[in-house]
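Undergrad: Input file: work08.json. Contents: JSON, C-alpha atoms.
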[["chain", "number", "residue", "atom", "x", "y", "z"],
["A", 1, "MET", "CA", -22.55, 12.57, -39.58],
["A", 2, "ARG", "CA", -18.90, 11.69, -39.22],
["A", 3, "ARG", "CA", -18.64, 14.20, -36.40],
["A", 4, "MET", "CA", -21.60, 12.59, -34.70],
["A", 5, "ILE", "CA", -19.95, 9.19, -34.89],
["A", 6, "LEU", "CA", -16.72, 10.61, -33.54],
["A", 7, "LEU", "CA", -18.58, 12.22, -30.67],
["A", 8, "LEU", "CA", -20.46, 9.01, -29.96],
["A", 9, "ASN", "CA", -17.22, 7.06, -29.95],
["A", 10, "THR", "CA", -15.64, 9.50, -27.54],
["A", 11, "VAL", "CA", -18.62, 9.27, -25.21],
["A", 12, "LEU", "CA", -18.58, 5.47, -25.37],
["A", 13, "LEU", "CA", -14.84, 5.36, -24.78],
["A", 14, "PHE", "CA", -15.03, 7.55, -21.70],
["A", 15, "GLY", "CA", -18.07, 5.63, -20.55],
["A", 16, "MET", "CA", -16.01, 2.45, -20.70],
["A", 17, "PHE", "CA", -12.95, 3.66, -18.90],
["A", 18, "GLY", "CA", -14.61, 6.07, -16.53],
["A", 19, "PRO", "CA", -15.71, 3.69, -13.75],
["A", 20, "ALA", "CA", -12.46, 1.74, -13.60],
["A", 21, "ALA", "CA", -10.43, 4.80, -12.69],
["A", 22, "ALA", "CA", -13.03, 6.33, -10.37],
["A", 23, "GLN", "CA", -12.80, 6.58, -6.61],
["A", 24, "ASP", "CA", -15.86, 5.49, -4.72],
["A", 25, "SER", "CA", -18.97, 7.33, -5.80],
["A", 26, "LEU", "CA", -20.96, 7.27, -2.57],
["A", 27, "PRO", "CA", -21.78, 10.57, -0.86],
["A", 28, "PRO", "CA", -19.76, 11.30, 2.30],
["A", 29, "ALA", "CA", -20.95, 9.85, 5.63],
["A", 30, "PRO", "CA", -23.69, 11.95, 7.30],
["A", 31, "TYR", "CA", -21.37, 13.43, 9.93],
["A", 32, "ALA", "CA", -18.22, 13.58, 7.80],
["A", 33, "TYR", "CA", -18.73, 17.28, 7.05],
["A", 34, "ARG", "CA", -21.72, 18.12, 9.24],
["A", 35, "GLN", "CA", -21.09, 19.57, 12.66],
["A", 36, "LEU", "CA", -22.91, 18.34, 15.73],
["A", 37, "ASP", "CA", -25.83, 20.50, 16.86],
["A", 38, "ASP", "CA", -24.46, 20.89, 20.37],
["A", 39, "PRO", "CA", -21.54, 23.36, 20.09],
["A", 40, "GLN", "CA", -19.83, 21.94, 23.18],
["A", 41, "GLN", "CA", -19.90, 18.40, 21.80],
["A", 42, "GLU", "CA", -18.75, 19.66, 18.40],
["A", 43, "ALA", "CA", -15.80, 21.46, 20.01],
["A", 44, "ALA", "CA", -14.82, 18.28, 21.86],
["A", 45, "ALA", "CA", -15.14, 16.23, 18.67],
["A", 46, "GLN", "CA", -13.10, 18.80, 16.69],
["A", 47, "ASP", "CA", -10.30, 18.81, 19.30],
["A", 48, "LEU", "CA", -10.21, 15.03, 19.19],
["A", 49, "MET", "CA", -10.26, 14.81, 15.40],
["A", 50, "GLU", "CA", -7.25, 17.09, 15.17],
["A", 51, "THR", "CA", -5.25, 14.55, 17.20],
["A", 52, "LEU", "CA", -6.31, 11.45, 15.27],
["A", 53, "ARG", "CA", -4.25, 10.31, 12.34],
["A", 54, "CYS", "CA", -5.80, 9.64, 8.95],
["A", 55, "LEU", "CA", -4.89, 6.04, 8.13],
["A", 56, "LYS", "CA", -4.82, 6.57, 4.39],
["A", 57, "CYS", "CA", -2.94, 9.84, 4.05],
["A", 58, "GLN", "CA", 0.57, 11.04, 4.71],
["A", 59, "SER", "CA", 0.71, 12.54, 8.19],
["A", 60, "GLN", "CA", -2.63, 14.32, 8.13],
["A", 61, "SER", "CA", -5.18, 14.40, 10.89],
["A", 62, "ILE", "CA", -8.68, 13.19, 10.09],
["A", 63, "ALA", "CA", -9.86, 16.77, 10.61],
["A", 64, "ASP", "CA", -7.54, 17.85, 7.78],
["A", 65, "SER", "CA", -8.18, 15.10, 5.28],
["A", 66, "ASP", "CA", -10.76, 14.76, 2.54],
["A", 67, "ALA", "CA", -10.11, 11.03, 2.07],
["A", 68, "PRO", "CA", -13.41, 9.12, 2.23],
["A", 69, "MET", "CA", -12.08, 6.96, 5.03],
["A", 70, "ALA", "CA", -11.17, 10.04, 7.09],
["A", 71, "GLY", "CA", -14.76, 11.21, 6.56],
["A", 72, "ASP", "CA", -16.03, 7.87, 7.86],
["A", 73, "MET", "CA", -13.74, 8.22, 10.88],
["A", 74, "ARG", "CA", -15.06, 11.74, 11.59],
["A", 75, "HIS", "CA", -18.56, 10.29, 11.38],
["A", 76, "GLN", "CA", -17.63, 7.67, 14.00],
["A", 77, "VAL", "CA", -16.05, 10.29, 16.25],
["A", 78, "ARG", "CA", -19.05, 12.62, 16.05],
["A", 79, "ILE", "CA", -21.75, 9.98, 16.60],
["A", 80, "ARG", "CA", -19.81, 8.51, 19.51],
["A", 81, "ILE", "CA", -19.34, 11.93, 21.14],
["A", 82, "ALA", "CA", -23.02, 12.71, 20.49],
["A", 83, "ALA", "CA", -23.93, 9.41, 22.18],
["A", 84, "GLY", "CA", -22.14, 10.61, 25.32],
["A", 85, "GLU", "CA", -18.72, 8.95, 25.04],
["A", 86, "SER", "CA", -15.80, 11.02, 26.26],
["A", 87, "PRO", "CA", -13.10, 11.98, 23.72],
["A", 88, "GLU", "CA", -10.57, 9.75, 25.49],
["A", 89, "GLU", "CA", -12.97, 6.79, 25.26],
["A", 90, "VAL", "CA", -13.26, 7.33, 21.50],
["A", 91, "ARG", "CA", -9.48, 7.60, 21.20],
["A", 92, "GLY", "CA", -9.16, 4.39, 23.22],
["A", 93, "TRP", "CA", -11.63, 2.64, 20.92],
["A", 94, "LEU", "CA", -9.52, 3.53, 17.88],
["A", 95, "MET", "CA", -6.21, 2.72, 19.59],
["A", 96, "GLN", "CA", -7.60, -0.71, 20.47],
["A", 97, "ARG", "CA", -7.88, -1.28, 16.73],
["A", 98, "TYR", "CA", -4.93, 0.60, 15.23],
["A", 99, "GLY", "CA", -2.50, 0.98, 18.12],
["A", 100, "ASP", "CA", -0.47, 4.14, 18.87],
["A", 101, "TYR", "CA", -0.30, 4.88, 15.15],
["A", 102, "VAL", "CA", -3.77, 6.38, 15.02],
["A", 103, "SER", "CA", -3.20, 8.90, 17.82],
["A", 104, "TYR", "CA", -1.14, 12.10, 17.65],
["A", 105, "LYS", "CA", -1.27, 12.43, 21.42],
["A", 106, "PRO", "CA", 1.89, 10.74, 22.64],
["A", 107, "ALA", "CA", 1.41, 8.26, 25.47],
["A", 108, "VAL", "CA", 4.13, 6.67, 27.61],
["A", 109, "SER", "CA", 4.50, 3.03, 26.58],
["A", 110, "ALA", "CA", 7.14, 0.32, 26.34],
["A", 111, "THR", "CA", 8.43, 1.81, 23.07],
["A", 112, "THR", "CA", 7.98, 5.54, 23.71],
["A", 113, "TRP", "CA", 9.36, 5.94, 27.26],
["A", 114, "PRO", "CA", 12.84, 7.08, 26.07],
["A", 115, "LEU", "CA", 11.19, 10.11, 24.44],
["A", 116, "PHE", "CA", 10.06, 11.23, 27.87],
["A", 117, "ALA", "CA", 13.01, 9.97, 29.88],
["A", 118, "ILE", "CA", 15.88, 11.34, 27.76],
["A", 119, "PRO", "CA", 15.01, 15.07, 28.10],
["A", 120, "VAL", "CA", 14.70, 14.68, 31.87],
["A", 121, "LEU", "CA", 18.07, 12.89, 32.01],
["A", 122, "LEU", "CA", 19.71, 15.60, 29.86],
["A", 123, "ILE", "CA", 18.36, 18.37, 32.09],
["A", 124, "LEU", "CA", 19.63, 16.57, 35.20],
["A", 125, "LEU", "CA", 23.02, 16.06, 33.55],
["A", 126, "ALA", "CA", 23.27, 19.71, 32.49],
["A", 127, "GLY", "CA", 22.19, 20.83, 35.97],
["A", 128, "GLY", "CA", 24.82, 18.58, 37.53],
["A", 129, "ILE", "CA", 27.60, 19.95, 35.33],
["A", 130, "LEU", "CA", 26.49, 23.52, 35.99],
["A", 131, "ILE", "CA", 26.50, 23.06, 39.77],
["A", 132, "ARG", "CA", 29.96, 21.48, 39.69],
["A", 133, "ARG", "CA", 31.38, 24.36, 37.64],
["A", 134, "MET", "CA", 29.80, 27.01, 39.87],
["A", 135, "ARG", "CA", 31.33, 25.33, 42.91],
["A", 136, "GLY", "CA", 34.69, 25.04, 41.21],
["A", 137, "ARG", "CA", 34.73, 28.77, 40.56],
["A", 138, "ALA", "CA", 33.66, 29.73, 44.10],
["B", 139, "MET", "CA", 44.45, 18.19, 25.58],
["B", 140, "ASN", "CA", 41.43, 17.19, 27.59],
["B", 141, "TRP", "CA", 39.73, 14.09, 26.08],
["B", 142, "ARG", "CA", 36.39, 15.25, 27.46],
["B", 143, "LEU", "CA", 36.28, 18.00, 24.87],
["B", 144, "TRP", "CA", 35.62, 15.33, 22.26],
["B", 145, "VAL", "CA", 32.62, 13.82, 24.03],
["B", 146, "PRO", "CA", 29.96, 16.22, 22.62],
["B", 147, "LEU", "CA", 31.30, 15.81, 19.07],
["B", 148, "PHE", "CA", 31.28, 12.05, 19.47],
["B", 149, "ALA", "CA", 27.70, 12.13, 20.78],
["B", 150, "PHE", "CA", 26.68, 14.36, 17.88],
["B", 151, "ALA", "CA", 28.28, 12.02, 15.31],
["B", 152, "LEU", "CA", 26.49, 9.09, 16.94],
["B", 153, "PHE", "CA", 23.17, 10.93, 16.63],
["B", 154, "ILE", "CA", 23.80, 11.78, 12.96],
["B", 155, "GLY", "CA", 24.76, 8.18, 12.26],
["B", 156, "LEU", "CA", 21.60, 6.88, 13.91],
["B", 157, "ALA", "CA", 19.40, 9.35, 12.01],
["B", 158, "ALA", "CA", 21.09, 8.52, 8.68],
["B", 159, "TYR", "CA", 20.63, 4.80, 9.32],
["B", 160, "GLN", "CA", 16.96, 5.19, 10.18],
["B", 161, "LEU", "CA", 16.29, 7.41, 7.17],
["B", 162, "THR", "CA", 17.69, 4.83, 4.76],
["B", 163, "GLN", "CA", 15.65, 1.95, 6.18],
["B", 164, "PRO", "CA", 12.70, 0.90, 4.00],
["B", 165, "ARG", "CA", 9.46, 2.36, 5.27],
["B", 166, "ASP", "CA", 6.72, 0.10, 6.53],
["B", 167, "ASP", "CA", 3.41, 1.70, 5.64],
["B", 168, "PHE", "CA", 1.25, -1.12, 6.87],
["B", 169, "VAL", "CA", -0.91, -0.41, 9.88],
["B", 170, "GLU", "CA", -1.47, -3.77, 11.50],
["B", 171, "SER", "CA", -4.79, -4.44, 13.17],
["B", 172, "ARG", "CA", -4.67, -4.91, 16.92],
["B", 173, "MET", "CA", -7.84, -6.96, 16.65],
["B", 174, "VAL", "CA", -5.96, -10.09, 15.57],
["B", 175, "GLY", "CA", -6.56, -12.65, 18.34],
["B", 176, "GLN", "CA", -9.83, -11.03, 19.34],
["B", 177, "GLU", "CA", -13.42, -11.84, 18.58],
["B", 178, "LEU", "CA", -15.19, -10.07, 15.72],
["B", 179, "PRO", "CA", -17.18, -7.14, 17.10],
["B", 180, "TYR", "CA", -20.92, -7.00, 16.54],
["B", 181, "PHE", "CA", -22.05, -6.02, 13.05],
["B", 182, "ASP", "CA", -24.93, -6.81, 10.74],
["B", 183, "LEU", "CA", -24.57, -5.61, 7.14],
["B", 184, "PRO", "CA", -27.25, -5.67, 4.44],
["B", 185, "PRO", "CA", -26.41, -7.38, 1.12],
["B", 186, "ALA", "CA", -24.16, -5.38, -1.22],
["B", 187, "MET", "CA", -26.19, -6.28, -4.30],
["B", 188, "GLU", "CA", -29.39, -7.93, -5.37],
["B", 189, "GLY", "CA", -29.38, -11.69, -4.97],
["B", 190, "ALA", "CA", -26.55, -11.70, -2.42],
["B", 191, "GLU", "CA", -26.78, -12.41, 1.29],
["B", 192, "GLY", "CA", -25.70, -9.86, 3.87],
["B", 193, "VAL", "CA", -22.97, -10.44, 6.46],
["B", 194, "ALA", "CA", -23.20, -10.48, 10.25],
["B", 195, "ASN", "CA", -20.59, -11.35, 12.87],
["B", 196, "VAL", "CA", -22.74, -14.29, 14.06],
["B", 197, "ASP", "CA", -22.36, -15.95, 10.63],
["B", 198, "PHE", "CA", -18.76, -16.71, 11.56],
["B", 199, "ALA", "CA", -19.40, -18.55, 14.82],
["B", 200, "ASP", "CA", -20.64, -21.85, 13.34],
["B", 201, "GLY", "CA", -17.43, -23.83, 13.66],
["B", 202, "GLN", "CA", -16.07, -23.28, 10.16],
["B", 203, "PRO", "CA", -13.11, -20.97, 9.52],
["B", 204, "ARG", "CA", -13.50, -18.45, 6.70],
["B", 205, "LEU", "CA", -11.76, -15.64, 4.90],
["B", 206, "LEU", "CA", -13.19, -12.16, 5.33],
["B", 207, "ASN", "CA", -12.22, -10.07, 2.32],
["B", 208, "ILE", "CA", -12.52, -6.28, 2.58],
["B", 209, "TRP", "CA", -12.75, -4.89, -0.95],
["B", 210, "ALA", "CA", -14.52, -2.45, -3.26],
["B", 211, "SER", "CA", -15.46, -2.31, -6.93],
["B", 212, "TRP", "CA", -13.63, 1.04, -7.24],
["B", 213, "CYS", "CA", -10.37, -0.40, -5.92],
["B", 214, "LEU", "CA", -7.87, -1.25, -8.65],
["B", 215, "PRO", "CA", -5.72, -3.77, -6.71],
["B", 216, "CYS", "CA", -8.98, -5.66, -6.06],
["B", 217, "ILE", "CA", -9.05, -6.51, -9.77],
["B", 218, "ALA", "CA", -5.53, -7.91, -9.50],
["B", 219, "GLU", "CA", -6.45, -10.13, -6.56],
["B", 220, "ALA", "CA", -9.72, -11.44, -8.09],
["B", 221, "PRO", "CA", -8.16, -14.50, -9.81],
["B", 222, "HIS", "CA", -6.32, -15.44, -6.60],
["B", 223, "LEU", "CA", -9.54, -15.24, -4.58],
["B", 224, "GLU", "CA", -11.01, -17.54, -7.21],
["B", 225, "ALA", "CA", -8.07, -19.94, -6.72],
["B", 226, "LEU", "CA", -8.60, -19.86, -2.95],
["B", 227, "LYS", "CA", -12.27, -20.68, -3.44],
["B", 228, "GLU", "CA", -11.40, -23.58, -5.75],
["B", 229, "GLN", "CA", -9.09, -24.96, -3.08],
["B", 230, "GLY", "CA", -11.86, -25.04, -0.52],
["B", 231, "ALA", "CA", -11.73, -21.65, 1.17],
["B", 232, "GLU", "CA", -15.07, -20.07, 2.01],
["B", 233, "ILE", "CA", -14.82, -16.34, 1.34],
["B", 234, "VAL", "CA", -17.08, -13.69, 2.78],
["B", 235, "GLY", "CA", -16.89, -10.24, 1.20],
["B", 236, "VAL", "CA", -17.48, -6.78, 2.63],
["B", 237, "ALA", "CA", -17.83, -4.07, -0.01],
["B", 238, "ILE", "CA", -16.64, -0.67, 1.24],
["B", 239, "ARG", "CA", -18.51, 2.47, 0.13],
["B", 240, "ASP", "CA", -19.95, 0.79, -2.93],
["B", 241, "ARG", "CA", -23.11, 0.88, -5.03],
["B", 242, "PRO", "CA", -25.05, -2.35, -5.72],
["B", 243, "GLU", "CA", -24.87, -1.87, -9.51],
["B", 244, "ASP", "CA", -21.08, -1.35, -9.38],
["B", 245, "VAL", "CA", -20.66, -4.44, -7.19],
["B", 246, "ALA", "CA", -22.75, -6.52, -9.61],
["B", 247, "ARG", "CA", -20.79, -5.24, -12.61],
["B", 248, "PHE", "CA", -17.42, -5.91, -10.96],
["B", 249, "LEU", "CA", -18.38, -9.47, -10.02],
["B", 250, "ALA", "CA", -19.84, -10.19, -13.46],
["B", 251, "GLN", "CA", -16.56, -9.05, -14.99],
["B", 252, "HIS", "CA", -14.00, -10.51, -12.59],
["B", 253, "GLY", "CA", -15.86, -13.47, -11.06],
["B", 254, "ASN", "CA", -17.70, -13.87, -7.78],
["B", 255, "PRO", "CA", -15.77, -15.85, -5.16],
["B", 256, "TYR", "CA", -18.05, -14.81, -2.28],
["B", 257, "VAL", "CA", -20.66, -16.83, -0.38],
["B", 258, "ARG", "CA", -21.99, -13.59, 1.13],
["B", 259, "ILE", "CA", -21.30, -9.92, 0.47],
["B", 260, "GLY", "CA", -22.12, -7.22, 2.99],
["B", 261, "ARG", "CA", -22.53, -3.57, 2.22],
["B", 262, "ASP", "CA", -20.47, -1.22, 4.39],
["B", 263, "ASP", "CA", -21.32, 2.32, 3.30],
["B", 264, "LEU", "CA", -19.69, 4.04, 6.29],
["B", 265, "SER", "CA", -16.60, 1.81, 6.62],
["B", 266, "GLU", "CA", -18.04, 0.76, 9.99],
["B", 267, "VAL", "CA", -16.94, -2.86, 9.88],
["B", 268, "GLN", "CA", -13.61, -1.82, 8.41],
["B", 269, "LEU", "CA", -12.95, 0.51, 11.35],
["B", 270, "ALA", "CA", -14.34, -1.99, 13.87],
["B", 271, "ILE", "CA", -11.84, -4.69, 12.87],
["B", 272, "GLY", "CA", -8.86, -2.37, 12.48],
["B", 273, "SER", "CA", -8.52, -2.51, 8.70],
["B", 274, "SER", "CA", -7.00, 0.59, 7.14],
["B", 275, "GLY", "CA", -7.56, 0.13, 3.44],
["B", 276, "VAL", "CA", -8.81, -2.01, 0.56],
["B", 277, "PRO", "CA", -8.14, -4.78, -0.12],
["B", 278, "GLU", "CA", -7.43, -6.60, 3.12],
["B", 279, "THR", "CA", -8.17, -10.20, 4.02],
["B", 280, "PHE", "CA", -8.74, -11.64, 7.48],
["B", 281, "VAL", "CA", -8.76, -15.28, 8.57],
["B", 282, "ILE", "CA", -11.64, -15.85, 11.00],
["B", 283, "ASP", "CA", -11.79, -19.13, 12.92],
["B", 284, "GLY", "CA", -14.93, -21.16, 13.66],
["B", 285, "LYS", "CA", -15.56, -19.26, 16.90],
["B", 286, "GLY", "CA", -15.54, -15.89, 15.16],
["B", 287, "VAL", "CA", -12.05, -14.96, 16.38],
["B", 288, "ILE", "CA", -9.78, -13.00, 14.03],
["B", 289, "ARG", "CA", -6.66, -15.13, 13.55],
["B", 290, "TYR", "CA", -4.67, -13.45, 10.80],
["B", 291, "GLN", "CA", -4.61, -10.26, 8.71],
["B", 292, "HIS", "CA", -3.31, -9.98, 5.17],
["B", 293, "ILE", "CA", -2.78, -6.34, 4.10],
["B", 294, "GLY", "CA", -2.95, -5.42, 0.42],
["B", 295, "ASP", "CA", -3.94, -7.45, -2.61],
["B", 296, "ILE", "CA", -3.48, -11.22, -2.52],
["B", 297, "ARG", "CA", -0.68, -12.32, -4.85],
["B", 298, "GLU", "CA", -0.16, -15.81, -6.14],
["B", 299, "SER", "CA", 2.42, -16.48, -3.45],
["B", 300, "ASP", "CA", -0.05, -15.48, -0.72],
["B", 301, "VAL", "CA", -2.55, -18.19, -1.66],
["B", 302, "PRO", "CA", -0.75, -21.09, 0.09],
["B", 303, "VAL", "CA", -0.07, -18.85, 3.12],
["B", 304, "LEU", "CA", -3.77, -18.06, 3.50],
["B", 305, "LEU", "CA", -4.74, -21.73, 3.01],
["B", 306, "GLN", "CA", -2.19, -22.66, 5.68],
["B", 307, "ARG", "CA", -3.64, -20.06, 8.07],
["B", 308, "LEU", "CA", -7.13, -21.37, 7.40],
["B", 309, "ALA", "CA", -5.96, -24.92, 8.18],
["B", 310, "GLU", "CA", -4.39, -23.67, 11.42],
["B", 311, "ALA", "CA", -7.64, -21.92, 12.32],
["B", 312, "ARG", "CA", -9.43, -25.24, 11.92],
["B", 313, "GLN", "CA", -7.52, -26.83, 14.80]]
Could you show the structure in this file as structure tokens?
TA:
Amino acid sequence: MRRMILLLNTVLLFGMFGPAAAQDSLPPAPYAYRQLDDPQQEAAAQDLMETLRCLKCQSQSIADSDAPMAGDMRHQVRIRIAAGESPEEVRGWLMQRYGDYVSYKPAVSATTWPLFAIPVLLILLAGGILIRRMRGRA
Amino acid sequence: MNWRLWVPLFAFALFIGLAAYQLTQPRDDFVESRMVGQELPYFDLPPAMEGAEGVANVDFADGQPRLLNIWASWCLPCIAEAPHLEALKEQGAEIVGVAIRDRPEDVARFLAQHGNPYVRIGRDDLSEVQLAIGSSGVPETFVIDGKGVIRYQHIGDIRESDVPVLLQRLAEARQ
């Protein structure tokens, strides 16, 4: 009897604290883990998902993440691709909402142009120095 | 000694200094929505629990500014912000809720326990509205003006000190 009561208490206790600590209990979105039927569209969606950042996780793509929100983002990507949108249109839709942060594909913008300009400048500089030295020797 | 020999070392030290400075700066994890200043996109959500009304974007275009609170019953910070939502409601704010990935019975239980500050609560099982307005987590609160334009985004749970800020933003949205 005492054991029964103890067991009952344990069950009640866990019943009380269970929901508070739980993550959401809904099943994943329909296309979170399901591939598109058309293999070409699925390949396009997969390529795109690998270059979209999960907003909830540390530096993971939405293709890599099991966070529920990443699943919902994969669902959006897949249904939009299935509806005939191009991958770049879907990326644009997300970037309109979350900015550059959401995309792993670097684009030239007001803040990122030095990333593209500096290597070119360094190569030109190195080339210039090299040519001057070669001439000096000859 | 040629002074030019020192140039690469100097450049290297500059680079190290810059990297060290950037690494010690506090990190900003907030992803701000780019939808602030833009109209709410189309959506039409069913009610999140029995007895509640659903939420559609057209509900916001009737001239009255409102708060749009993105939350969930499974989200712990949402419990912390519940009393402050209540305070906002008492001070005249109309609050519309969108429950993310939630079950009606959990929503009802949460609101019975922590109070119900919402005039309407929509059910967003696929985070569609959340993604459409550029929100990246729960809880988040948006100020929507009377034309349905997003005017302000508050990321994270509402603390006591955020209450006057949100009321101020609502008043600004009224103009």
Undergrad: Could you please determine the separation between atom CA of B:Gly189 and atom CA of B:Arg247 in Å, to one decimal place?
TA: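 Between these atoms lies a distance of 13.2 Å.
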Undergrad: For chain A, report every residue with an atom at most 10 Å from chain B (counting all atoms listed in the file), formatted as a PyMOL selection string.
TA: chain A and resi 19-30+32+54-56+58+68-73+75-76+93-99+101-102
Undergrad: What does the structure give for the distance between atom CA of B:Ala158 and atom CA of A:Ile118, in Å to one decimal?
TA: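 So the answer is 20.0 Å.
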Undergrad: Any idea what's packed within 6 Å of B:Asn195, counting all atoms listed in the file, ignoring anything in its chain fewer than 3 positions away? Could you give it as a list in words?
TA: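 Residues meeting the cut-off are Tyr180, Phe181 and Phe198 of chain B.
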Undergrad: Distance atom CA of B:Asp295-atom CA of B:Ala218, one decimal place?
TA: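 Between atom CA of B:Asp295 and atom CA of B:Ala218 the gap works out to 7.1 Å.
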Undergrad: Hey, which of A:Met49, A:Ile129, A:Leu36, A:Met134 ends up closest to A:Glu88? Count all atoms listed in the file.
TA: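 Nearest to A:Glu88: A:Met49.
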Undergrad: Rank nothing, just name the residue among A:Arg80, A:Lys105, A:Arg53, A:Arg133 nearest to A:Gln41, using only C-alpha atoms.
TA: A:Arg80
Undergrad: List the spatial neighbours of B:Thr279 as a list in words - criterion: any atom at most 6 Å away, all atoms listed in the file, same-chain residues fewer than 5 positions off excluded.
TA: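 The neighbour list is Leu206, Asn207, Gln291 and His292 of chain B.
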Undergrad: Rank nothing, just name the residue among A:Ala117, A:Ile131, A:Ala82, A:Ile123 nearest to A:Asp37, using only C-alpha atoms.
TA: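 The closest residue to A:Asp37 is A:Ala82.
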Undergrad: Looking at B:Val196, B:Val303, B:Met187, B:Ala309, which one is nearest to B:Asn254, with distances taken over all atoms listed in the file?
TA: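 Going through B:Val196, B:Val303, B:Met187, B:Ala309 one by one, the smallest distance to B:Asn254 is for B:Met187.
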